[in-house]
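Student: Take this structure first; my questions come after.
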Number of protein chains: 4
Amino acid sequence: MGQQNVIDLNSDVGESFGLYRLGLDEEVIPLITSANIACGFHAGDPSVMRRTVALAKQHGVAVGAHPGLPDLIGFGRRVMDTTPEEIQDDVTYQVGALQAFVTAQGMTLQHVKPHGALYNMAVAHPEMWEVIAGALAAVDQHLILVALAGPNRKTIEAIPARTGIRVAFEFFGDRAYNPDGSLVSRREPGAVIHDHTQVAERVVKMVKEGTVTARDQSEVVLEADTICVHGDNPEAVTLVRKIGEVLTREGIRMAPTGTFL
Amino acid sequence: MGQQNVIDLNSDVGESFGLYRLGLDEEVIPLITSANIACGFHAGDPSVMRRTVALAKQHGVAVGAHPGLPDLIGFGRRVMDTTPEEIQDDVTYQVGALQAFVTAQGMTLQHVKPHGALYNMAVAHPEMWEVIAGALAAVDQHLILVALAGPNRKTIEAIPARTGIRVAFEFFGDRAYNPDGSLVSRREPGAVIHDHTQVAERVVKMVKEGTVTARDQSEVVLEADTICVHGDNPEAVTLVRKIGEVLTREGIRMAPTGTFL
Amino acid sequence: MGQQNVIDLNSDVGESFGLYRLGLDEEVIPLITSANIACGFHAGDPSVMRRTVALAKQHGVAVGAHPGLPDLIGFGRRVMDTTPEEIQDDVTYQVGALQAFVTAQGMTLQHVKPHGALYNMAVAHPEMWEVIAGALAAVDQHLILVALAGPNRKTIEAIPARTGIRVAFEFFGDRAYNPDGSLVSRREPGAVIHDHTQVAERVVKMVKEGTVTARDQSEVVLEADTICVHGDNPEAVTLVRKIGEVLTREGIRMAPTGTFL
Amino acid sequence: MGQQNVIDLNSDVGESFGLYRLGLDEEVIPLITSANIACGFHAGDPSVMRRTVALAKQHGVAVGAHPGLPDLIGFGRRVMDTTPEEIQDDVTYQVGALQAFVTAQGMTLQHVKPHGALYNMAVAHPEMWEVIAGALAAVDQHLILVALAGPNRKTIEAIPARTGIRVAFEFFGDRAYNPDGSLVSRREPGAVIHDHTQVAERVVKMVKEGTVTARDQSEVVLEADTICVHGDNPEAVTLVRKIGEVLTREGIRMAPTGTFL
């Protein structure tokens, strides 16, 4: 967490499906330290999962599950009125499915990061982070849950004591923040920061000082263990490369959360 | 195998899906020793899987995965032109998904029995048993593969040495056999034996003598470790109960394959 | 509408899927005048749709589409955060699919009734009724939209003038009503009325007087064209039979909405 | 058919799904005369279908349904052991779904071309062409079935008299042919012709002379009404453009089959 000299870079990968290709996995995976692999509900399929685990292994990248809502057509981005039990069952299923591919390749599953609407539902209803952690604890006590750094930190920080599951807090370098540490909604103008230099600076600042400059220019305490980066398009990959270069130049080490949490 | 005094009774369970109910799991599970649980591709869903594992645990029944082809509408009964790699990936995925629920309830996955068309495809192309065993070996060396006892025994018996995966041979007490030890096709008259007494006698004979009387009245050597029984309807459950009673009366112990293979 | 001597009885049918059977279609279809047939998103499949249309035809029952959200595992009962455009596209798709089976059997599609969460989403956001009607108008100007009779009547009554689509208002004889004409939520006690005599009396009263007695014993004006009945279980079918008998005894004719709207 | 001065150019389009993009529809649709639109089973979704119909309408291109097997993960390319009844039901469903979008945009569905494994299954078992035609006849007598020109011509030519459905024979300009008029299997070397000039010449020759030069250099009579072209990648689109130019130069008119069959 903040004021540290190590940080994890995570990216959503393995989002292809059947004949459909999505994301520049071959390009972004060598640049990150943790890969969030889709598990077949909102994206990904068994063969894509196997190949993505192999790609992560080849580049020494830690592997995590990226479970989503059962909504392939909506890419898991549509909030659904699910029960906590359904969420636990859906997460258990997807984590287990990926774990089999990870085990088959002699690796260990490091973390779980909910995808899309599932992540947003937990941000909106922070008790859901514990619901998800509860599912993870039953499957594998060594798993790390990736959760949004921000206003619900207190609730989320109680999870390890309550479930035995470690939490990695996540920072979005390319997103504007509100003064309370929450993300500015994507529906508002300026929610996404496109300037690569500015994004890299925000990442460095968060790592070194544990703060982020909010939309109203106030300084907000925001300590995180992992930075979310993207590999959807060539420009996104360029940004990841730049973030890596700037972090290295600043003497900040990049490593999977499992090595330092 | 044959001439023994112990046998496993396995049944396909956990085949409900969402609101849809299929099979008398509550009635048949207490009567069997190994449960083949559907994994969501041809039947079953995450919540059904969790509940079915719990039911098996409650009755001290060993749990296995029952992976199928990705064909919910056809209940995994339609042969598909899949590659060996697709089959391995689909099996890995489903086995892992179920394993998570099994682990979460403090149990261990005992076996894997392919479902429907996947099973039939392996019977028709026996090299597929090894393809499947290869997937299992990578996920968990302690898994047992359930395969049809019959003409391909030699090919299948080589699997443990080649993959490290044990094989349990399966016998169908309610199916007619050809003189070569293969099953009479369901399309032919007399393929299914409906008389409960006759079915129970065939089971006892197979266990005690390692033989089955073929359709032409010849005696065929057929040694198996597990008997496939059904729980689809009340009469099927009655037959399972009768088989259990007759086995007990004959001094044959019923136990999961994992305890004696 | 109310103070009339004709009423439609509609029921959700064709909800089986693959090997899975749901609903006593063979028993309830002969008792109703309009069949709402599932279209494959939340229930139903192409073969079930064909067979259900045939069953309706055999009994002279009018056929409608019962489109749902794309959520088979949740039976279309989980609210999803969809856009109006997605709803229109999903409705268009499902209505067209059913229309093909209806045309193939020489019938005409009479109506469309949204299913489960889709219906509830429209009740909660009445502008969605017009969204759905817009989709219908583009496909077939003769379709009738089934919508909940109640507090949003004014909004819904504007639909024919705005889209050209007729509306059939629906009454739930077995549900308690609030004084404003809305349904008492299923989460509250007493939401569902189980007494068959009472249900039948409420139906007759609504048809003859155009009113329903609300939970607080106030009389609420509530005029409807169609009564929702169920065929999920033998008792539900018994209730439908009773409603039919009481209506007949009271001199109220039962007929599809398409014949009198 | 052959020795004519008009030909149709058809291409498979609308194969995107949710967030997944496939095919250069915007580029290829302006170059063709008939669009085969995926219907949601192997590719496509309701919103993609609507947008693809709109794109075809904008460019004055005739619209057809491109139904496939229910195998999204395998893109409908894996042969499945389906019954004729299942095929009819699946085709009816998909044709109806697309028809709704076509009707909604004031167009008329022109044709139906089975996709992938469904097409190949019909090529291998030509009686399946009539099974499919039977489904079309029940839905809309004006539909045209697109079938492979080649050795089964006699069987297929009987379809109009038997079902009332017209047939458009299809030619693959970029595929090698056997002396019996069948396609050289893709598994054999030289099955696909990559030289654009050669492909265009074969198309012209087929249209003007009603023949194709087989792999053994023999001249085979092969008359077709429509040429299959592709829009998967920029080079494919370049080939379509070239074919169009050469046809124009040769005084051959391009038009939808519905205008000249």
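The way I read the labels, and the way they are meant: chains A, B, ... in the order of the structure tokens, residue 1 as the first residue of every chain, and ligand 1 as the first ligand shown, with later ones counted on from there.
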Can you pull out every residue within 8 Å of Ile193 of chain C, counting only C-alpha atoms, but drop anything in the same chain fewer than 4 positions away, and send it as a compact mmCIF listing (two decimals) with all heavy atoms, in the first residue's frame?
Tutor:
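Saved to out18.txt:
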# COMPACT_ATOMS: atom_id res chain seq x y z
N ASP C 174 -55.62 -13.78 -8.32
CA ASP C 174 -55.07 -14.40 -7.12
C ASP C 174 -54.05 -13.51 -6.42
O ASP C 174 -53.27 -13.99 -5.60
CB ASP C 174 -54.42 -15.75 -7.46
CG ASP C 174 -53.28 -15.59 -8.46
OD1 ASP C 174 -53.13 -14.47 -9.02
OD2 ASP C 174 -52.55 -16.56 -8.69
N ARG C 175 -54.05 -12.22 -6.75
CA ARG C 175 -53.09 -11.31 -6.11
C ARG C 175 -53.84 -10.21 -5.37
O ARG C 175 -54.86 -9.70 -5.86
CB ARG C 175 -52.17 -10.66 -7.17
CG ARG C 175 -51.20 -11.62 -7.83
CD ARG C 175 -50.10 -12.08 -6.89
NE ARG C 175 -49.28 -10.97 -6.45
CZ ARG C 175 -48.25 -10.48 -7.15
NH1 ARG C 175 -47.92 -11.02 -8.31
NH2 ARG C 175 -47.55 -9.46 -6.67
N ALA C 176 -53.32 -9.83 -4.21
CA ALA C 176 -53.88 -8.71 -3.46
C ALA C 176 -53.48 -7.40 -4.13
O ALA C 176 -52.41 -7.31 -4.74
CB ALA C 176 -53.38 -8.75 -2.02
N GLN C 198 -62.56 -17.44 -3.31
CA GLN C 198 -62.30 -16.00 -3.22
C GLN C 198 -61.72 -15.47 -4.54
O GLN C 198 -62.12 -14.41 -5.03
CB GLN C 198 -61.34 -15.76 -2.06
CG GLN C 198 -61.33 -14.31 -1.59
CD GLN C 198 -60.27 -14.10 -0.50
OE1 GLN C 198 -59.81 -15.04 0.14
NE2 GLN C 198 -59.89 -12.84 -0.31
N VAL C 199 -60.79 -16.23 -5.11
CA VAL C 199 -60.19 -15.82 -6.38
C VAL C 199 -61.27 -15.72 -7.46
O VAL C 199 -61.36 -14.72 -8.18
CB VAL C 199 -59.07 -16.79 -6.82
CG1 VAL C 199 -58.59 -16.46 -8.23
CG2 VAL C 199 -57.91 -16.76 -5.82
Student: Using only C-alpha atoms, I'd like every residue of chain A that has an atom within 12 Å of chain C; please write them out as a PDB file with all heavy atoms, in the first residue's frame.
Tutor:
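To be explicit, this is the file written out as selection.pdb:
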ATOM      1  N   PHE A  41     -18.184 -16.837 -18.376  1.00  0.00           N
ATOM      2  CA  PHE A  41     -19.565 -16.375 -18.170  1.00  0.00           C
ATOM      3  C   PHE A  41     -19.840 -15.101 -18.985  1.00  0.00           C
ATOM      4  O   PHE A  41     -20.874 -14.994 -19.621  1.00  0.00           O
ATOM      5  CB  PHE A  41     -19.826 -16.118 -16.690  1.00  0.00           C
ATOM      6  CG  PHE A  41     -20.263 -17.333 -15.925  1.00  0.00           C
ATOM      7  CD1 PHE A  41     -19.748 -18.586 -16.220  1.00  0.00           C
ATOM      8  CD2 PHE A  41     -21.200 -17.253 -14.897  1.00  0.00           C
ATOM      9  CE1 PHE A  41     -20.153 -19.721 -15.517  1.00  0.00           C
ATOM     10  CE2 PHE A  41     -21.620 -18.373 -14.194  1.00  0.00           C
ATOM     11  CZ  PHE A  41     -21.084 -19.601 -14.503  1.00  0.00           C
ATOM     12  N   LEU A  69     -20.797 -11.851 -14.440  1.00  0.00           N
ATOM     13  CA  LEU A  69     -22.181 -12.293 -14.458  1.00  0.00           C
ATOM     14  C   LEU A  69     -22.424 -13.172 -15.681  1.00  0.00           C
ATOM     15  O   LEU A  69     -21.730 -13.032 -16.687  1.00  0.00           O
ATOM     16  CB  LEU A  69     -23.122 -11.082 -14.486  1.00  0.00           C
ATOM     17  CG  LEU A  69     -23.086 -10.197 -13.240  1.00  0.00           C
ATOM     18  CD1 LEU A  69     -24.010  -8.989 -13.415  1.00  0.00           C
ATOM     19  CD2 LEU A  69     -23.510 -10.980 -12.001  1.00  0.00           C
ATOM     20  N   PRO A  70     -23.408 -14.066 -15.612  1.00  0.00           N
ATOM     21  CA  PRO A  70     -23.693 -14.953 -16.751  1.00  0.00           C
ATOM     22  C   PRO A  70     -24.420 -14.191 -17.862  1.00  0.00           C
ATOM     23  O   PRO A  70     -25.612 -14.353 -18.046  1.00  0.00           O
ATOM     24  CB  PRO A  70     -24.571 -16.042 -16.129  1.00  0.00           C
ATOM     25  CG  PRO A  70     -25.254 -15.363 -14.976  1.00  0.00           C
ATOM     26  CD  PRO A  70     -24.299 -14.317 -14.469  1.00  0.00           C
ATOM     27  N   ASP A  71     -23.688 -13.379 -18.600  1.00  0.00           N
ATOM     28  CA  ASP A  71     -24.291 -12.498 -19.605  1.00  0.00           C
ATOM     29  C   ASP A  71     -23.276 -12.246 -20.709  1.00  0.00           C
ATOM     30  O   ASP A  71     -22.681 -11.177 -20.804  1.00  0.00           O
ATOM     31  CB  ASP A  71     -24.712 -11.183 -18.926  1.00  0.00           C
ATOM     32  CG  ASP A  71     -25.298 -10.176 -19.911  1.00  0.00           C
ATOM     33  OD1 ASP A  71     -25.762 -10.594 -20.991  1.00  0.00           O
ATOM     34  OD2 ASP A  71     -25.282  -8.973 -19.594  1.00  0.00           O
ATOM     35  N   LEU A  72     -23.093 -13.253 -21.552  1.00  0.00           N
ATOM     36  CA  LEU A  72     -22.101 -13.164 -22.629  1.00  0.00           C
ATOM     37  C   LEU A  72     -22.465 -12.051 -23.601  1.00  0.00           C
ATOM     38  O   LEU A  72     -21.608 -11.301 -24.060  1.00  0.00           O
ATOM     39  CB  LEU A  72     -22.035 -14.510 -23.369  1.00  0.00           C
ATOM     40  CG  LEU A  72     -20.939 -14.652 -24.412  1.00  0.00           C
ATOM     41  CD1 LEU A  72     -19.563 -14.613 -23.774  1.00  0.00           C
ATOM     42  CD2 LEU A  72     -21.102 -15.958 -25.190  1.00  0.00           C
ATOM     43  N   ILE A  73     -23.765 -11.942 -23.894  1.00  0.00           N
ATOM     44  CA  ILE A  73     -24.206 -10.976 -24.892  1.00  0.00           C
ATOM     45  C   ILE A  73     -23.973  -9.542 -24.398  1.00  0.00           C
ATOM     46  O   ILE A  73     -23.716  -8.643 -25.188  1.00  0.00           O
ATOM     47  CB  ILE A  73     -25.679 -11.250 -25.264  1.00  0.00           C
ATOM     48  CG1 ILE A  73     -25.907 -11.018 -26.740  1.00  0.00           C
ATOM     49  CG2 ILE A  73     -26.622 -10.437 -24.426  1.00  0.00           C
ATOM     50  CD1 ILE A  73     -27.283 -11.479 -27.204  1.00  0.00           C
ATOM     51  N   GLY A  74     -24.033  -9.337 -23.106  1.00  0.00           N
ATOM     52  CA  GLY A  74     -23.820  -8.006 -22.531  1.00  0.00           C
ATOM     53  C   GLY A  74     -22.425  -7.846 -21.954  1.00  0.00           C
ATOM     54  O   GLY A  74     -22.141  -6.865 -21.278  1.00  0.00           O
ATOM     55  N   GLY A  76     -21.106  -9.063 -19.502  1.00  0.00           N
ATOM     56  CA  GLY A  76     -21.088  -8.952 -18.041  1.00  0.00           C
ATOM     57  C   GLY A  76     -21.151  -7.529 -17.522  1.00  0.00           C
ATOM     58  O   GLY A  76     -20.799  -7.263 -16.371  1.00  0.00           O
ATOM     59  N   ARG A  77     -21.599  -6.628 -18.379  1.00  0.00           N
ATOM     60  CA  ARG A  77     -21.621  -5.219 -17.971  1.00  0.00           C
ATOM     61  C   ARG A  77     -22.991  -4.746 -17.516  1.00  0.00           C
ATOM     62  O   ARG A  77     -23.154  -3.588 -17.128  1.00  0.00           O
ATOM     63  CB  ARG A  77     -21.155  -4.339 -19.134  1.00  0.00           C
ATOM     64  CG  ARG A  77     -19.673  -4.457 -19.381  1.00  0.00           C
ATOM     65  CD  ARG A  77     -19.222  -3.559 -20.519  1.00  0.00           C
ATOM     66  NE  ARG A  77     -17.773  -3.553 -20.641  1.00  0.00           N
ATOM     67  CZ  ARG A  77     -17.106  -3.097 -21.701  1.00  0.00           C
ATOM     68  NH1 ARG A  77     -17.785  -2.601 -22.729  1.00  0.00           N
ATOM     69  NH2 ARG A  77     -15.797  -3.124 -21.738  1.00  0.00           N
ATOM     70  N   ARG A  78     -23.990  -5.605 -17.594  1.00  0.00           N
ATOM     71  CA  ARG A  78     -25.329  -5.198 -17.194  1.00  0.00           C
ATOM     72  C   ARG A  78     -25.617  -5.695 -15.780  1.00  0.00           C
ATOM     73  O   ARG A  78     -25.599  -6.906 -15.529  1.00  0.00           O
ATOM     74  CB  ARG A  78     -26.360  -5.760 -18.187  1.00  0.00           C
ATOM     75  CG  ARG A  78     -26.072  -5.292 -19.609  1.00  0.00           C
ATOM     76  CD  ARG A  78     -27.170  -5.672 -20.579  1.00  0.00           C
ATOM     77  NE  ARG A  78     -27.217  -7.097 -20.866  1.00  0.00           N
ATOM     78  CZ  ARG A  78     -27.909  -7.619 -21.869  1.00  0.00           C
ATOM     79  NH1 ARG A  78     -28.610  -6.822 -22.681  1.00  0.00           N
ATOM     80  NH2 ARG A  78     -27.901  -8.904 -22.088  1.00  0.00           N
ATOM     81  N   VAL A  79     -25.894  -4.763 -14.891  1.00  0.00           N
ATOM     82  CA  VAL A  79     -26.213  -5.147 -13.518  1.00  0.00           C
ATOM     83  C   VAL A  79     -27.420  -6.085 -13.542  1.00  0.00           C
ATOM     84  O   VAL A  79     -28.382  -5.862 -14.277  1.00  0.00           O
ATOM     85  CB  VAL A  79     -26.513  -3.895 -12.674  1.00  0.00           C
ATOM     86  CG1 VAL A  79     -27.097  -4.278 -11.318  1.00  0.00           C
ATOM     87  CG2 VAL A  79     -25.233  -3.076 -12.493  1.00  0.00           C
ATOM     88  N   MET A  80     -27.333  -7.160 -12.766  1.00  0.00           N
ATOM     89  CA  MET A  80     -28.435  -8.113 -12.658  1.00  0.00           C
ATOM     90  C   MET A  80     -28.829  -8.235 -11.192  1.00  0.00           C
ATOM     91  O   MET A  80     -27.986  -8.177 -10.301  1.00  0.00           O
ATOM     92  CB  MET A  80     -28.002  -9.495 -13.149  1.00  0.00           C
ATOM     93  CG  MET A  80     -27.859  -9.611 -14.639  1.00  0.00           C
ATOM     94  SD  MET A  80     -27.244 -11.258 -15.108  1.00  0.00           S
ATOM     95  CE  MET A  80     -28.712 -12.258 -14.788  1.00  0.00           C
ATOM     96  N   ASP A  81     -30.105  -8.468 -10.989  1.00  0.00           N
ATOM     97  CA  ASP A  81     -30.631  -8.561  -9.638  1.00  0.00           C
ATOM     98  C   ASP A  81     -30.417  -9.980  -9.105  1.00  0.00           C
ATOM     99  O   ASP A  81     -31.342 -10.788  -9.054  1.00  0.00           O
ATOM    100  CB  ASP A  81     -32.121  -8.199  -9.695  1.00  0.00           C
ATOM    101  CG  ASP A  81     -32.719  -8.115  -8.316  1.00  0.00           C
ATOM    102  OD1 ASP A  81     -31.952  -7.947  -7.350  1.00  0.00           O
ATOM    103  OD2 ASP A  81     -33.945  -8.239  -8.205  1.00  0.00           O
ATOM    104  N   THR A  82     -29.170 -10.260  -8.716  1.00  0.00           N
ATOM    105  CA  THR A  82     -28.824 -11.601  -8.247  1.00  0.00           C
ATOM    106  C   THR A  82     -28.798 -11.638  -6.721  1.00  0.00           C
ATOM    107  O   THR A  82     -28.613 -10.627  -6.069  1.00  0.00           O
ATOM    108  CB  THR A  82     -27.429 -12.001  -8.748  1.00  0.00           C
ATOM    109  OG1 THR A  82     -26.519 -10.949  -8.387  1.00  0.00           O
ATOM    110  CG2 THR A  82     -27.399 -12.158 -10.244  1.00  0.00           C
ATOM    111  N   THR A  83     -28.953 -12.827  -6.170  1.00  0.00           N
ATOM    112  CA  THR A  83     -28.849 -12.984  -4.713  1.00  0.00           C
ATOM    113  C   THR A  83     -27.380 -13.195  -4.338  1.00  0.00           C
ATOM    114  O   THR A  83     -26.572 -13.618  -5.166  1.00  0.00           O
ATOM    115  CB  THR A  83     -29.648 -14.214  -4.239  1.00  0.00           C
ATOM    116  OG1 THR A  83     -29.029 -15.385  -4.790  1.00  0.00           O
ATOM    117  CG2 THR A  83     -31.088 -14.150  -4.706  1.00  0.00           C
ATOM    118  N   GLU A  86     -26.366 -16.668  -5.228  1.00  0.00           N
ATOM    119  CA  GLU A  86     -26.073 -16.867  -6.653  1.00  0.00           C
ATOM    120  C   GLU A  86     -24.676 -16.339  -6.984  1.00  0.00           C
ATOM    121  O   GLU A  86     -23.937 -16.938  -7.762  1.00  0.00           O
ATOM    122  CB  GLU A  86     -27.113 -16.148  -7.522  1.00  0.00           C
ATOM    123  CG  GLU A  86     -28.465 -16.844  -7.555  1.00  0.00           C
ATOM    124  CD  GLU A  86     -29.558 -15.986  -8.211  1.00  0.00           C
ATOM    125  OE1 GLU A  86     -29.412 -14.745  -8.268  1.00  0.00           O
ATOM    126  OE2 GLU A  86     -30.563 -16.555  -8.651  1.00  0.00           O
ATOM    127  N   ASP A  90     -21.762 -18.548  -8.508  1.00  0.00           N
ATOM    128  CA  ASP A  90     -21.184 -18.208  -9.813  1.00  0.00           C
ATOM    129  C   ASP A  90     -19.680 -17.956  -9.702  1.00  0.00           C
ATOM    130  O   ASP A  90     -18.911 -18.322 -10.603  1.00  0.00           O
ATOM    131  CB  ASP A  90     -21.879 -16.966 -10.401  1.00  0.00           C
ATOM    132  CG  ASP A  90     -23.265 -17.285 -10.957  1.00  0.00           C
ATOM    133  OD1 ASP A  90     -23.681 -18.460 -10.902  1.00  0.00           O
ATOM    134  OD2 ASP A  90     -23.932 -16.361 -11.450  1.00  0.00           O
ATOM    135  N   ALA A 117     -20.039  -5.487 -14.238  1.00  0.00           N
ATOM    136  CA  ALA A 117     -21.169  -5.196 -13.358  1.00  0.00           C
ATOM    137  C   ALA A 117     -20.986  -5.838 -11.992  1.00  0.00           C
ATOM    138  O   ALA A 117     -21.425  -5.290 -10.978  1.00  0.00           O
ATOM    139  CB  ALA A 117     -22.469  -5.680 -14.004  1.00  0.00           C
ATOM    140  N   MET A 121     -21.262  -3.700  -8.799  1.00  0.00           N
ATOM    141  CA  MET A 121     -22.266  -4.019  -7.787  1.00  0.00           C
ATOM    142  C   MET A 121     -21.607  -4.054  -6.404  1.00  0.00           C
ATOM    143  O   MET A 121     -22.211  -3.623  -5.416  1.00  0.00           O
ATOM    144  CB  MET A 121     -22.929  -5.359  -8.122  1.00  0.00           C
ATOM    145  CG  MET A 121     -23.914  -5.274  -9.301  1.00  0.00           C
ATOM    146  SD  MET A 121     -24.190  -6.893 -10.145  1.00  0.00           S
ATOM    147  CE  MET A 121     -25.067  -7.787  -8.856  1.00  0.00           C
TER     148      MET A 121
END
Student: Just list the residues in segment 10-234 of chain B DSSP gives alpha helix (DSSP H) on the backbone, as JSON, numbers by chain.
Tutor: {"B": [25, 26, 27, 28, 46, 47, 48, 49, 50, 51, 52, 53, 54, 55, 56, 57, 58, 84, 85, 86, 87, 88, 89, 90, 91, 92, 93, 94, 95, 96, 97, 98, 99, 100, 101, 102, 103, 104, 116, 117, 118, 119, 120, 121, 122, 123, 124, 127, 128, 129, 130, 131, 132, 133, 134, 135, 136, 137, 138, 139, 153, 154, 155, 156, 157, 159, 160, 161, 162, 163, 196, 197, 198, 199, 200, 201, 202, 203, 204, 205, 206, 207, 208, 209, 234]}
Student: List every residue of segment 133-223 of chain C that DSSP, applied to the backbone of this structure, places in strand (DSSP E or B), and write the result as a short mmCIF file (atom, residue, chain, number, x, y, z; two decimals) with N, CA, C and O atoms, in the first residue's frame.
Tutor:
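See out_10.cif below for the written result:
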data_model
loop_
_atom_site.label_atom_id
_atom_site.label_comp_id
_atom_site.auth_asym_id
_atom_site.auth_seq_id
_atom_site.Cartn_x
_atom_site.Cartn_y
_atom_site.Cartn_z
N ILE C 144 -51.47 -7.29 -30.12
CA ILE C 144 -52.02 -6.69 -28.90
C ILE C 144 -50.96 -6.82 -27.81
O ILE C 144 -50.37 -7.88 -27.64
N LEU C 145 -50.72 -5.74 -27.09
CA LEU C 145 -49.78 -5.77 -25.97
C LEU C 145 -50.55 -6.00 -24.68
O LEU C 145 -51.50 -5.27 -24.39
N VAL C 146 -50.16 -6.98 -23.92
CA VAL C 146 -50.79 -7.23 -22.62
C VAL C 146 -50.01 -6.47 -21.55
O VAL C 146 -48.80 -6.67 -21.41
N ALA C 147 -50.70 -5.60 -20.81
CA ALA C 147 -50.06 -4.76 -19.79
C ALA C 147 -50.89 -4.80 -18.52
O ALA C 147 -52.10 -5.03 -18.55
N LEU C 148 -50.22 -4.56 -17.40
CA LEU C 148 -50.89 -4.63 -16.11
C LEU C 148 -51.91 -3.51 -15.95
O LEU C 148 -51.58 -2.33 -16.08
N ARG C 166 -52.84 -2.09 -30.07
CA ARG C 166 -53.88 -2.19 -29.05
C ARG C 166 -53.31 -2.75 -27.74
O ARG C 166 -52.35 -3.50 -27.75
N VAL C 167 -53.94 -2.38 -26.64
CA VAL C 167 -53.49 -2.87 -25.33
C VAL C 167 -54.60 -3.67 -24.68
O VAL C 167 -55.77 -3.27 -24.70
N ALA C 168 -54.23 -4.83 -24.12
CA ALA C 168 -55.16 -5.59 -23.29
C ALA C 168 -54.69 -5.44 -21.85
O ALA C 168 -53.53 -5.74 -21.54
N PHE C 169 -55.58 -4.94 -20.99
CA PHE C 169 -55.22 -4.79 -19.58
C PHE C 169 -55.43 -6.12 -18.85
O PHE C 169 -56.40 -6.82 -19.09
N GLU C 170 -54.49 -6.40 -17.97
CA GLU C 170 -54.46 -7.70 -17.31
C GLU C 170 -54.77 -7.58 -15.82
O GLU C 170 -54.30 -6.67 -15.14
N PHE C 171 -55.53 -8.54 -15.34
CA PHE C 171 -55.92 -8.59 -13.93
C PHE C 171 -55.41 -9.90 -13.33
O PHE C 171 -55.45 -10.95 -13.98
N ARG C 175 -54.05 -12.22 -6.75
CA ARG C 175 -53.09 -11.31 -6.11
C ARG C 175 -53.84 -10.21 -5.37
O ARG C 175 -54.86 -9.70 -5.86
N TYR C 177 -54.37 -6.42 -4.04
CA TYR C 177 -54.12 -5.11 -4.64
C TYR C 177 -54.00 -4.02 -3.58
O TYR C 177 -54.66 -4.09 -2.54
N LEU C 183 -50.28 -3.93 -7.57
CA LEU C 183 -50.22 -5.24 -6.93
C LEU C 183 -49.45 -5.13 -5.61
O LEU C 183 -48.43 -4.44 -5.53
N VAL C 192 -50.46 -13.20 -2.17
CA VAL C 192 -51.11 -14.18 -3.03
C VAL C 192 -52.32 -14.77 -2.31
O VAL C 192 -52.24 -15.15 -1.14
N THR C 211 -64.28 -3.48 -10.63
CA THR C 211 -63.60 -3.08 -9.39
C THR C 211 -62.96 -4.28 -8.72
O THR C 211 -63.30 -5.43 -8.99
N VAL C 212 -62.02 -3.96 -7.82
CA VAL C 212 -61.41 -4.98 -6.99
C VAL C 212 -61.35 -4.42 -5.57
O VAL C 212 -61.19 -3.22 -5.38
N THR C 213 -61.51 -5.32 -4.60
CA THR C 213 -61.40 -4.90 -3.20
C THR C 213 -59.93 -4.91 -2.80
O THR C 213 -59.29 -5.95 -2.84
N GLU C 219 -62.73 -0.08 -2.27
CA GLU C 219 -63.07 -0.57 -3.61
C GLU C 219 -62.29 0.24 -4.64
O GLU C 219 -62.37 1.48 -4.66
N VAL C 220 -61.55 -0.44 -5.48
CA VAL C 220 -60.71 0.24 -6.46
C VAL C 220 -61.23 -0.06 -7.86
O VAL C 220 -61.52 -1.22 -8.18
N VAL C 221 -61.38 1.00 -8.66
CA VAL C 221 -61.79 0.79 -10.05
C VAL C 221 -60.64 0.08 -10.78
O VAL C 221 -59.50 0.54 -10.75
#
Student: Counting only C-alpha atoms, what is within 7 Å of segment 229-243 of chain D, bar same-chain residues fewer than 5 positions away, as a PyMOL selection string?
Tutor: chain D and resi 9-12+23-25+28+31+196+200
Student: Ala122 of chain A: which residues within 10 Å, counting only C-alpha atoms, same-chain residues fewer than 5 positions away excluded, as a list in words?
Tutor: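 My list of contacting residues is Pro114, Ala117, Glu127, Met128, Trp129, Glu130, Val131, Ile132, Ala147 and Leu148 of chain A.
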Student: Report, in Å to a single decimal, how far apart atom CA of Glu85 of chain D and atom CA of Leu22 of chain B are.
Tutor: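 For atom CA of Leu22 of chain B relative to atom CA of Glu85 of chain D, the distance reads 23.9 Å.
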Student: Rounded to one decimal in Å, what is the spacing between atom CA of Ala135 of chain A and atom CA of Tyr93 of chain A?
Tutor: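 A separation of 9.7 Å between them.
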Student: Within 8 Å of Leu143 of chain A, counting only C-alpha atoms, which residues qualify if same-chain residues fewer than 6 places away don't, as a PyMOL selection string?
Tutor: chain A and resi 109-112+136-137+165-166
Student: What lies within 12 Å of Met107 of chain C using only C-alpha atoms, ignoring chain neighbours under 2 positions off, as a list in words?
Tutor: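 So, after excluding close chain neighbours, the residues are Arg50, Val53, Ala54, Ala56, Lys57, Gln58, Gly60, Val61, Ala62, Val63, Gly64, Leu98, Gln99, Ala100, Phe101, Val102, Thr103, Ala104, Gln105, Leu109 and Gln110 of chain C; Ala138 and Val139 of chain D.
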